Amino acid sequence: ANGGKDVDLELFRRNRESQQTLASSSVPGEVSLETLHKVAEQGNVEKFVLVHPTESNKYVGVNIYLDEAGMLRRLPLNTRATDYAQRAGYNPAPQFYGNVFLGRIQAKPVLRNIDLKMGKDTSFDASWLQQAPMDNTSHQMKLNQMTGRNETQAAVIGTDGTEKKEKGYTWTQTEEEIEILLPITNTTDIKSKDVTAKFLPKSIQIKLKKEPVLVVTLFERIDPDGCTWTIDRKDNNLILTLEKSEQALWPRIED
């Protein structure tokens, strides 16, 4: 994605009525021009290309504009925006934080804004979104042809069975849960009664024979009632399974 310098504020000014805000809730909100200017002046606007302008879509693209510091500012996950990206062919889809702005542009022969109509153009059944995976694939194929590369989208940390190493443990994830592997020197000396696992909405605490072995403050919330642990005596691991409160991929596990 490009930085805030690439955002055309004049385009927003002329057509803010036709742009949609993808709020964290299921109902699109509205953003004032004053708010947009404040965000832009702070240099926090980032552009994510949701649909690349290509010959197959007559060079009509769709962008998501977001707060580039949303994750650092601990803004809530915007699962609706992530759903758009997933339906546009991004797999795994990136995560967005806080409110984002959805805008459609005509890239050729001249750059201009195209209105998005509430409902017809913002629903998941919208024709442009249905065609988006093909358009984005077409764009990537042409890019690969021009550069001589064969690039694909990089996987999100901890996905596709790839373990992410942390200090003292490793973890993997799906949209629904986190799995932590905590090595134990010798599981034959460990009984179930020796394990104390405390699962809280934003942290986990593990003790073996009353000695703390793992304390983690989590990046996002989990459902303590859906969390479990088990002893893997074959590979000498304590396996922790954490159920996420919201279905989304995390960029990291620790806060």
# chains A, B, ... in the order shown; residues from 1 in each chain; ligands from 1

call {"tool": "closest_atom_pairs", "arguments": {"of": "region 109-210 of chain A", "to": "region 246-253 of chain A", "cutoff": "9 Å", "atoms": "only C-alpha atoms", "output": "Markdown table"}}
result
| residue | atom | partner | partner_atom | distance |
| --- | --- | --- | --- | --- |
| A:Val156 | CA | A:Pro251 | CA | 6.9 |
| A:Ile157 | CA | A:Pro251 | CA | 6.2 |
| A:Gly158 | CA | A:Arg252 | CA | 8.4 |
| A:Thr159 | CA | A:Leu249 | CA | 8.4 |
| A:Trp171 | CA | A:Ile253 | CA | 8.3 |
| A:Gln173 | CA | A:Leu249 | CA | 7.2 |
| A:Thr174 | CA | A:Leu249 | CA | 6.5 |
| A:Glu175 | CA | A:Ala248 | CA | 4.5 |
| A:Glu176 | CA | A:Gln247 | CA | 5.0 |
| A:Glu177 | CA | A:Gln247 | CA | 8.0 |
| A:Ile178 | CA | A:Ile253 | CA | 8.6 |

call {"tool": "write_last_selection", "arguments": {"atoms": "N, CA, C and O atoms", "output": "PDB file, in the first residue's frame"}}
result
ATOM      1  N   VAL A 156       0.345 -14.480   6.010  1.00  0.00           N
ATOM      2  CA  VAL A 156       0.323 -13.782   7.290  1.00  0.00           C
ATOM      3  C   VAL A 156       1.073 -14.630   8.311  1.00  0.00           C
ATOM      4  O   VAL A 156       1.070 -15.862   8.255  1.00  0.00           O
ATOM      5  N   ILE A 157       1.722 -13.966   9.255  1.00  0.00           N
ATOM      6  CA  ILE A 157       2.509 -14.644  10.291  1.00  0.00           C
ATOM      7  C   ILE A 157       1.684 -15.742  10.970  1.00  0.00           C
ATOM      8  O   ILE A 157       0.541 -15.537  11.360  1.00  0.00           O
ATOM      9  N   GLY A 158       2.305 -16.920  11.087  1.00  0.00           N
ATOM     10  CA  GLY A 158       1.685 -18.011  11.830  1.00  0.00           C
ATOM     11  C   GLY A 158       0.640 -18.804  11.072  1.00  0.00           C
ATOM     12  O   GLY A 158      -0.001 -19.688  11.636  1.00  0.00           O
ATOM     13  N   THR A 159       0.446 -18.508   9.778  1.00  0.00           N
ATOM     14  CA  THR A 159      -0.568 -19.223   9.000  1.00  0.00           C
ATOM     15  C   THR A 159       0.077 -20.317   8.148  1.00  0.00           C
ATOM     16  O   THR A 159       1.291 -20.436   8.080  1.00  0.00           O
ATOM     17  N   TRP A 171       4.087 -20.508  17.868  1.00  0.00           N
ATOM     18  CA  TRP A 171       2.635 -20.441  17.699  1.00  0.00           C
ATOM     19  C   TRP A 171       2.243 -20.438  16.230  1.00  0.00           C
ATOM     20  O   TRP A 171       3.016 -20.051  15.356  1.00  0.00           O
ATOM     21  N   GLN A 173      -1.652 -19.973  13.769  1.00  0.00           N
ATOM     22  CA  GLN A 173      -3.001 -19.429  13.893  1.00  0.00           C
ATOM     23  C   GLN A 173      -3.860 -19.723  12.677  1.00  0.00           C
ATOM     24  O   GLN A 173      -3.366 -19.973  11.576  1.00  0.00           O
ATOM     25  N   THR A 174      -5.169 -19.701  12.922  1.00  0.00           N
ATOM     26  CA  THR A 174      -6.189 -19.618  11.883  1.00  0.00           C
ATOM     27  C   THR A 174      -7.019 -18.384  12.234  1.00  0.00           C
ATOM     28  O   THR A 174      -6.731 -17.700  13.217  1.00  0.00           O
ATOM     29  N   GLU A 175      -8.031 -18.109  11.471  1.00  0.00           N
ATOM     30  CA  GLU A 175      -8.881 -16.976  11.807  1.00  0.00           C
ATOM     31  C   GLU A 175      -9.624 -17.204  13.110  1.00  0.00           C
ATOM     32  O   GLU A 175      -9.974 -16.256  13.808  1.00  0.00           O
ATOM     33  N   GLU A 176      -9.838 -18.463  13.472  1.00  0.00           N
ATOM     34  CA  GLU A 176     -10.648 -18.782  14.648  1.00  0.00           C
ATOM     35  C   GLU A 176      -9.838 -18.968  15.925  1.00  0.00           C
ATOM     36  O   GLU A 176     -10.341 -18.701  17.026  1.00  0.00           O
ATOM     37  N   GLU A 177      -8.580 -19.437  15.816  1.00  0.00           N
ATOM     38  CA  GLU A 177      -7.864 -19.768  17.034  1.00  0.00           C
ATOM     39  C   GLU A 177      -6.351 -19.637  16.891  1.00  0.00           C
ATOM     40  O   GLU A 177      -5.803 -19.562  15.792  1.00  0.00           O
ATOM     41  N   ILE A 178      -5.697 -19.620  18.039  1.00  0.00           N
ATOM     42  CA  ILE A 178      -4.235 -19.608  18.161  1.00  0.00           C
ATOM     43  C   ILE A 178      -3.813 -20.919  18.826  1.00  0.00           C
ATOM     44  O   ILE A 178      -4.453 -21.369  19.779  1.00  0.00           O
TER      45      ILE A 178
END

call {"tool": "select_by_dssp", "arguments": {"residues": "region 159-229 of chain A", "states": "strand (DSSP E or B)", "output": "ChimeraX atom specification"}}
result
/A:164-166,169-173,177-183,195-200,203-208,211-218,222,228-229

call {"tool": "write_last_selection", "arguments": {"atoms": "N, CA, C and O atoms", "output": "short mmCIF file (atom, residue, chain, number, x, y, z; two decimals), in the first residue's frame"}}
result
data_model
loop_
_atom_site.label_atom_id
_atom_site.label_comp_id
_atom_site.auth_asym_id
_atom_site.auth_seq_id
_atom_site.Cartn_x
_atom_site.Cartn_y
_atom_site.Cartn_z
N LYS A 164 5.58 -19.58 14.19
CA LYS A 164 6.29 -18.33 14.48
C LYS A 164 6.98 -18.49 15.82
O LYS A 164 6.35 -18.82 16.83
N LYS A 165 8.29 -18.29 15.83
CA LYS A 165 9.05 -18.47 17.06
C LYS A 165 9.01 -17.21 17.92
O LYS A 165 9.20 -16.10 17.43
N GLU A 166 8.76 -17.41 19.20
CA GLU A 166 8.83 -16.36 20.20
C GLU A 166 9.80 -16.83 21.29
O GLU A 166 10.35 -17.93 21.20
N TYR A 169 8.56 -20.19 23.21
CA TYR A 169 7.44 -20.93 22.63
C TYR A 169 7.29 -20.60 21.15
O TYR A 169 7.92 -19.67 20.63
N THR A 170 6.46 -21.38 20.46
CA THR A 170 6.11 -21.10 19.07
C THR A 170 4.60 -21.09 18.95
O THR A 170 3.89 -21.61 19.83
N TRP A 171 4.09 -20.51 17.87
CA TRP A 171 2.63 -20.44 17.70
C TRP A 171 2.24 -20.44 16.23
O TRP A 171 3.02 -20.05 15.36
N THR A 172 1.04 -20.91 15.98
CA THR A 172 0.42 -20.84 14.66
C THR A 172 -1.00 -20.31 14.87
O THR A 172 -1.50 -20.24 15.99
N GLN A 173 -1.65 -19.97 13.77
CA GLN A 173 -3.00 -19.43 13.89
C GLN A 173 -3.86 -19.72 12.68
O GLN A 173 -3.37 -19.97 11.58
N GLU A 177 -8.58 -19.44 15.82
CA GLU A 177 -7.86 -19.77 17.03
C GLU A 177 -6.35 -19.64 16.89
O GLU A 177 -5.80 -19.56 15.79
N ILE A 178 -5.70 -19.62 18.04
CA ILE A 178 -4.24 -19.61 18.16
C ILE A 178 -3.81 -20.92 18.83
O ILE A 178 -4.45 -21.37 19.78
N GLU A 179 -2.75 -21.52 18.31
CA GLU A 179 -2.19 -22.71 18.97
C GLU A 179 -0.76 -22.42 19.38
O GLU A 179 0.07 -22.02 18.55
N ILE A 180 -0.48 -22.60 20.66
CA ILE A 180 0.85 -22.34 21.22
C ILE A 180 1.49 -23.67 21.61
O ILE A 180 0.85 -24.51 22.26
N LEU A 181 2.75 -23.85 21.22
CA LEU A 181 3.53 -25.01 21.63
C LEU A 181 4.57 -24.55 22.64
O LEU A 181 5.47 -23.78 22.31
N LEU A 182 4.43 -25.03 23.86
CA LEU A 182 5.35 -24.68 24.95
C LEU A 182 6.20 -25.90 25.28
O LEU A 182 5.70 -26.88 25.83
N PRO A 183 7.49 -25.88 24.92
CA PRO A 183 8.35 -27.05 25.17
C PRO A 183 8.49 -27.36 26.66
O PRO A 183 8.62 -26.46 27.49
N VAL A 195 -0.24 -28.83 36.07
CA VAL A 195 -0.42 -27.72 35.14
C VAL A 195 -1.52 -26.78 35.65
O VAL A 195 -2.64 -27.20 35.94
N THR A 196 -1.18 -25.52 35.75
CA THR A 196 -2.16 -24.48 36.08
C THR A 196 -2.21 -23.50 34.92
O THR A 196 -1.22 -22.84 34.61
N ALA A 197 -3.35 -23.45 34.26
CA ALA A 197 -3.52 -22.56 33.11
C ALA A 197 -4.60 -21.54 33.42
O ALA A 197 -5.73 -21.89 33.74
N LYS A 198 -4.22 -20.28 33.34
CA LYS A 198 -5.17 -19.19 33.59
C LYS A 198 -5.37 -18.42 32.30
O LYS A 198 -4.45 -17.76 31.81
N PHE A 199 -6.57 -18.53 31.73
CA PHE A 199 -6.90 -17.84 30.49
C PHE A 199 -7.78 -16.63 30.80
O PHE A 199 -8.88 -16.77 31.36
N LEU A 200 -7.30 -15.45 30.44
CA LEU A 200 -8.04 -14.21 30.61
C LEU A 200 -8.30 -13.61 29.22
O LEU A 200 -7.65 -13.98 28.25
N SER A 203 -4.89 -12.05 28.24
CA SER A 203 -3.61 -12.61 28.68
C SER A 203 -3.76 -14.08 29.03
O SER A 203 -4.87 -14.57 29.26
N ILE A 204 -2.61 -14.76 29.06
CA ILE A 204 -2.57 -16.15 29.52
C ILE A 204 -1.41 -16.31 30.50
O ILE A 204 -0.38 -15.64 30.37
N GLN A 205 -1.61 -17.18 31.50
CA GLN A 205 -0.58 -17.44 32.50
C GLN A 205 -0.52 -18.96 32.72
O GLN A 205 -1.53 -19.58 33.04
N ILE A 206 0.68 -19.53 32.53
CA ILE A 206 0.85 -20.97 32.66
C ILE A 206 1.89 -21.25 33.74
O ILE A 206 2.98 -20.66 33.76
N LYS A 207 1.54 -22.18 34.64
CA LYS A 207 2.47 -22.62 35.68
C LYS A 207 2.64 -24.14 35.60
O LYS A 207 1.66 -24.86 35.34
N LEU A 208 3.85 -24.61 35.84
CA LEU A 208 4.14 -26.04 35.96
C LEU A 208 4.68 -26.29 37.36
O LEU A 208 5.71 -25.69 37.74
N GLU A 211 5.35 -23.23 39.32
CA GLU A 211 6.37 -22.30 38.83
C GLU A 211 5.91 -21.67 37.52
O GLU A 211 5.56 -22.39 36.57
N PRO A 212 5.90 -20.32 37.41
CA PRO A 212 5.49 -19.67 36.16
C PRO A 212 6.43 -20.04 35.01
O PRO A 212 7.65 -19.94 35.14
N VAL A 213 5.85 -20.47 33.89
CA VAL A 213 6.65 -20.82 32.71
C VAL A 213 6.27 -19.99 31.49
O VAL A 213 7.03 -19.91 30.52
N LEU A 214 5.09 -19.37 31.54
CA LEU A 214 4.68 -18.54 30.40
C LEU A 214 3.65 -17.52 30.85
O LEU A 214 2.63 -17.86 31.46
N VAL A 215 3.93 -16.25 30.55
CA VAL A 215 2.98 -15.16 30.80
C VAL A 215 2.99 -14.29 29.55
O VAL A 215 4.03 -13.76 29.15
N VAL A 216 1.84 -14.17 28.91
CA VAL A 216 1.75 -13.42 27.65
C VAL A 216 0.55 -12.47 27.71
O VAL A 216 -0.57 -12.90 28.01
N THR A 217 0.81 -11.21 27.42
CA THR A 217 -0.28 -10.25 27.20
C THR A 217 -0.58 -10.28 25.71
O THR A 217 0.31 -10.02 24.89
N LEU A 218 -1.81 -10.59 25.36
CA LEU A 218 -2.16 -10.89 23.98
C LEU A 218 -2.47 -9.65 23.14
O LEU A 218 -2.91 -8.62 23.67
N ILE A 222 -9.36 -12.93 23.55
CA ILE A 222 -9.73 -14.32 23.35
C ILE A 222 -10.96 -14.62 24.20
O ILE A 222 -11.33 -13.84 25.08
N THR A 228 -8.26 -24.22 25.74
CA THR A 228 -7.94 -25.52 26.32
C THR A 228 -6.43 -25.75 26.31
O THR A 228 -5.69 -25.01 25.67
N TRP A 229 -5.99 -26.77 27.03
CA TRP A 229 -4.58 -27.18 26.98
C TRP A 229 -4.51 -28.69 27.05
O TRP A 229 -5.41 -29.37 27.53
#

call {"tool": "residues_around", "arguments": {"residues": "region 81-84 of chain A", "least_positions_apart": "2", "cutoff": "8 Å", "atoms": "only C-alpha atoms", "output": "JSON, numbers by chain"}}
result
{"A": [22, 50, 78, 79, 86, 87, 88, 93, 94, 95, 96, 100, 124, 129]}

call {"tool": "write_last_selection", "arguments": {"atoms": "N, CA, C and O atoms", "output": "CSV table (one decimal), in the first residue's frame"}}
result
chain,number,residue,atom,x,y,z
A,22,LEU,N,-16.4,2.5,5.8
A,22,LEU,CA,-16.7,1.2,6.3
A,22,LEU,C,-16.4,1.2,7.8
A,22,LEU,O,-15.3,0.9,8.2
A,50,LEU,N,-7.8,-2.2,-3.3
A,50,LEU,CA,-8.7,-3.3,-3.2
A,50,LEU,C,-8.9,-4.0,-4.5
A,50,LEU,O,-8.9,-5.2,-4.6
A,78,ASN,N,-11.4,-3.9,12.0
A,78,ASN,CA,-12.6,-3.7,11.1
A,78,ASN,C,-12.8,-4.9,10.3
A,78,ASN,O,-12.2,-5.1,9.2
A,79,THR,N,-13.6,-5.8,10.8
A,79,THR,CA,-13.7,-7.1,10.1
A,79,THR,C,-14.5,-7.0,8.8
A,79,THR,O,-14.3,-7.8,7.9
A,86,GLN,N,-11.0,-10.0,1.4
A,86,GLN,CA,-11.0,-11.5,1.2
A,86,GLN,C,-11.9,-11.8,-0.1
A,86,GLN,O,-11.5,-12.6,-0.9
A,87,ARG,N,-13.0,-11.1,-0.2
A,87,ARG,CA,-13.8,-11.3,-1.4
A,87,ARG,C,-13.2,-10.8,-2.7
A,87,ARG,O,-13.6,-11.2,-3.8
A,88,ALA,N,-12.2,-9.9,-2.5
A,88,ALA,CA,-11.5,-9.3,-3.7
A,88,ALA,C,-10.4,-10.3,-4.1
A,88,ALA,O,-9.7,-9.9,-5.1
A,93,ALA,N,-6.5,-12.4,3.8
A,93,ALA,CA,-6.8,-11.0,3.7
A,93,ALA,C,-6.1,-10.2,4.7
A,93,ALA,O,-5.9,-10.6,5.9
A,94,PRO,N,-5.6,-8.9,4.4
A,94,PRO,CA,-5.0,-8.1,5.4
A,94,PRO,C,-6.0,-7.7,6.5
A,94,PRO,O,-7.2,-7.7,6.3
A,95,GLN,N,-5.5,-7.2,7.6
A,95,GLN,CA,-6.3,-6.7,8.7
A,95,GLN,C,-6.3,-5.2,8.7
A,95,GLN,O,-5.3,-4.5,8.4
A,96,PHE,N,-7.5,-4.6,8.9
A,96,PHE,CA,-7.7,-3.2,9.0
A,96,PHE,C,-8.2,-2.8,10.4
A,96,PHE,O,-8.9,-3.6,11.0
A,100,VAL,N,-12.5,2.9,7.9
A,100,VAL,CA,-11.8,3.1,6.6
A,100,VAL,C,-12.7,3.7,5.6
A,100,VAL,O,-14.0,3.7,5.8
A,124,PHE,N,-21.9,-7.0,-0.5
A,124,PHE,CA,-20.9,-8.0,-0.9
A,124,PHE,C,-21.3,-8.7,-2.3
A,124,PHE,O,-20.5,-9.5,-2.8
A,129,LEU,N,-17.2,-6.3,-7.0
A,129,LEU,CA,-16.6,-7.1,-6.0
A,129,LEU,C,-16.6,-8.6,-6.5
A,129,LEU,O,-15.6,-9.3,-6.2

call {"tool": "atom_distance", "arguments": {"atom1": "CA of Arg104 (chain A)", "atom2": "CA of Arg74 (chain A)"}}
result
27.6 Å

call {"tool": "residues_around", "arguments": {"residues": "Ile184 (chain A)", "least_positions_apart": "2", "cutoff": "7 Å", "atoms": "only C-alpha atoms", "output": "PDB file with N, CA, C and O atoms, in the first residue's frame"}}
result
ATOM      1  N   LEU A 182       4.434 -25.029  23.860  1.00  0.00           N
ATOM      2  CA  LEU A 182       5.351 -24.678  24.947  1.00  0.00           C
ATOM      3  C   LEU A 182       6.201 -25.899  25.277  1.00  0.00           C
ATOM      4  O   LEU A 182       5.701 -26.878  25.827  1.00  0.00           O
ATOM      5  N   ASN A 186      10.759 -32.672  30.129  1.00  0.00           N
ATOM      6  CA  ASN A 186      10.417 -34.095  30.221  1.00  0.00           C
ATOM      7  C   ASN A 186       8.972 -34.230  30.672  1.00  0.00           C
ATOM      8  O   ASN A 186       8.663 -34.044  31.847  1.00  0.00           O
ATOM      9  N   THR A 187       8.103 -34.553  29.740  1.00  0.00           N
ATOM     10  CA  THR A 187       6.671 -34.639  30.079  1.00  0.00           C
ATOM     11  C   THR A 187       6.337 -35.844  30.944  1.00  0.00           C
ATOM     12  O   THR A 187       5.270 -35.888  31.556  1.00  0.00           O
ATOM     13  N   ASN A 236       7.030 -33.755  23.754  1.00  0.00           N
ATOM     14  CA  ASN A 236       7.370 -32.983  24.962  1.00  0.00           C
ATOM     15  C   ASN A 236       6.954 -31.516  24.853  1.00  0.00           C
ATOM     16  O   ASN A 236       7.771 -30.596  24.979  1.00  0.00           O
ATOM     17  N   ASN A 237       5.672 -31.317  24.607  1.00  0.00           N
ATOM     18  CA  ASN A 237       5.112 -29.972  24.518  1.00  0.00           C
ATOM     19  C   ASN A 237       3.847 -29.859  25.353  1.00  0.00           C
ATOM     20  O   ASN A 237       3.116 -30.842  25.528  1.00  0.00           O
ATOM     21  N   LEU A 238       3.599 -28.670  25.834  1.00  0.00           N
ATOM     22  CA  LEU A 238       2.282 -28.325  26.363  1.00  0.00           C
ATOM     23  C   LEU A 238       1.596 -27.534  25.258  1.00  0.00           C
ATOM     24  O   LEU A 238       2.116 -26.509  24.805  1.00  0.00           O
TER      25      LEU A 238
END

call {"tool": "atom_distance", "arguments": {"atom1": "CA of Asp225 (chain A)", "atom2": "CA of Gly161 (chain A)"}}
result
24.5 Å

call {"tool": "atom_distance", "arguments": {"atom1": "CA of Phe219 (chain A)", "atom2": "CA of Asp194 (chain A)"}}
result
27.5 Å

call {"tool": "residues_around", "arguments": {"residues": "region 107-113 of chain A", "least_positions_apart": "2", "cutoff": "7 Å", "atoms": "only C-alpha atoms", "output": "PyMOL selection string"}}
result
chain A and resi 11+53+59-60+104-105+115

call {"tool": "write_last_selection", "arguments": {"atoms": "N, CA, C and O atoms", "output": "PDB file, in the first residue's frame"}}
result
ATOM      1  N   LEU A  11      -9.819  14.974  -4.714  1.00  0.00           N
ATOM      2  CA  LEU A  11     -10.757  13.939  -5.140  1.00  0.00           C
ATOM      3  C   LEU A  11     -11.765  13.663  -4.042  1.00  0.00           C
ATOM      4  O   LEU A  11     -12.975  13.527  -4.295  1.00  0.00           O
ATOM      5  N   PRO A  53      -6.900  -1.324 -11.160  1.00  0.00           N
ATOM      6  CA  PRO A  53      -7.441  -0.956 -12.475  1.00  0.00           C
ATOM      7  C   PRO A  53      -6.735  -1.764 -13.571  1.00  0.00           C
ATOM      8  O   PRO A  53      -5.500  -1.749 -13.652  1.00  0.00           O
ATOM      9  N   TYR A  59     -10.199  -0.290 -16.466  1.00  0.00           N
ATOM     10  CA  TYR A  59      -9.339   0.584 -15.662  1.00  0.00           C
ATOM     11  C   TYR A  59     -10.112   1.335 -14.578  1.00  0.00           C
ATOM     12  O   TYR A  59      -9.815   2.483 -14.268  1.00  0.00           O
ATOM     13  N   VAL A  60     -11.097   0.629 -13.998  1.00  0.00           N
ATOM     14  CA  VAL A  60     -11.826   1.169 -12.850  1.00  0.00           C
ATOM     15  C   VAL A  60     -11.364   0.413 -11.601  1.00  0.00           C
ATOM     16  O   VAL A  60     -11.557  -0.797 -11.489  1.00  0.00           O
ATOM     17  N   ARG A 104     -13.891   4.669  -5.371  1.00  0.00           N
ATOM     18  CA  ARG A 104     -13.719   4.063  -6.695  1.00  0.00           C
ATOM     19  C   ARG A 104     -13.189   5.112  -7.668  1.00  0.00           C
ATOM     20  O   ARG A 104     -13.661   6.253  -7.681  1.00  0.00           O
ATOM     21  N   ILE A 105     -12.219   4.731  -8.486  1.00  0.00           N
ATOM     22  CA  ILE A 105     -11.622   5.672  -9.422  1.00  0.00           C
ATOM     23  C   ILE A 105     -11.548   5.095 -10.826  1.00  0.00           C
ATOM     24  O   ILE A 105     -11.490   3.872 -11.008  1.00  0.00           O
ATOM     25  N   ASP A 115     -18.779   7.564  -8.580  1.00  0.00           N
ATOM     26  CA  ASP A 115     -19.636   7.420  -7.407  1.00  0.00           C
ATOM     27  C   ASP A 115     -19.848   5.959  -7.015  1.00  0.00           C
ATOM     28  O   ASP A 115     -19.939   5.070  -7.866  1.00  0.00           O
TER      29      ASP A 115
END

call {"tool": "select_by_dssp", "arguments": {"residues": "region 87-236 of chain A", "states": "helix (DSSP H, G or I)", "output": "number ranges by chain"}}
result
A: 87, 127-147, 187-189, 192-194, 224-226

call {"tool": "residues_around", "arguments": {"residues": "Pro76 (chain A)", "least_positions_apart": "5", "cutoff": "10 Å", "atoms": "only C-alpha atoms", "output": "PyMOL selection string"}}
result
chain A and resi 24+70-71+96-99+220

call {"tool": "residues_around", "arguments": {"residues": "Asp223 (chain A)", "least_positions_apart": "6", "cutoff": "8 Å", "atoms": "only C-alpha atoms", "output": "number ranges by chain"}}
result
A: 200-201, 242-245
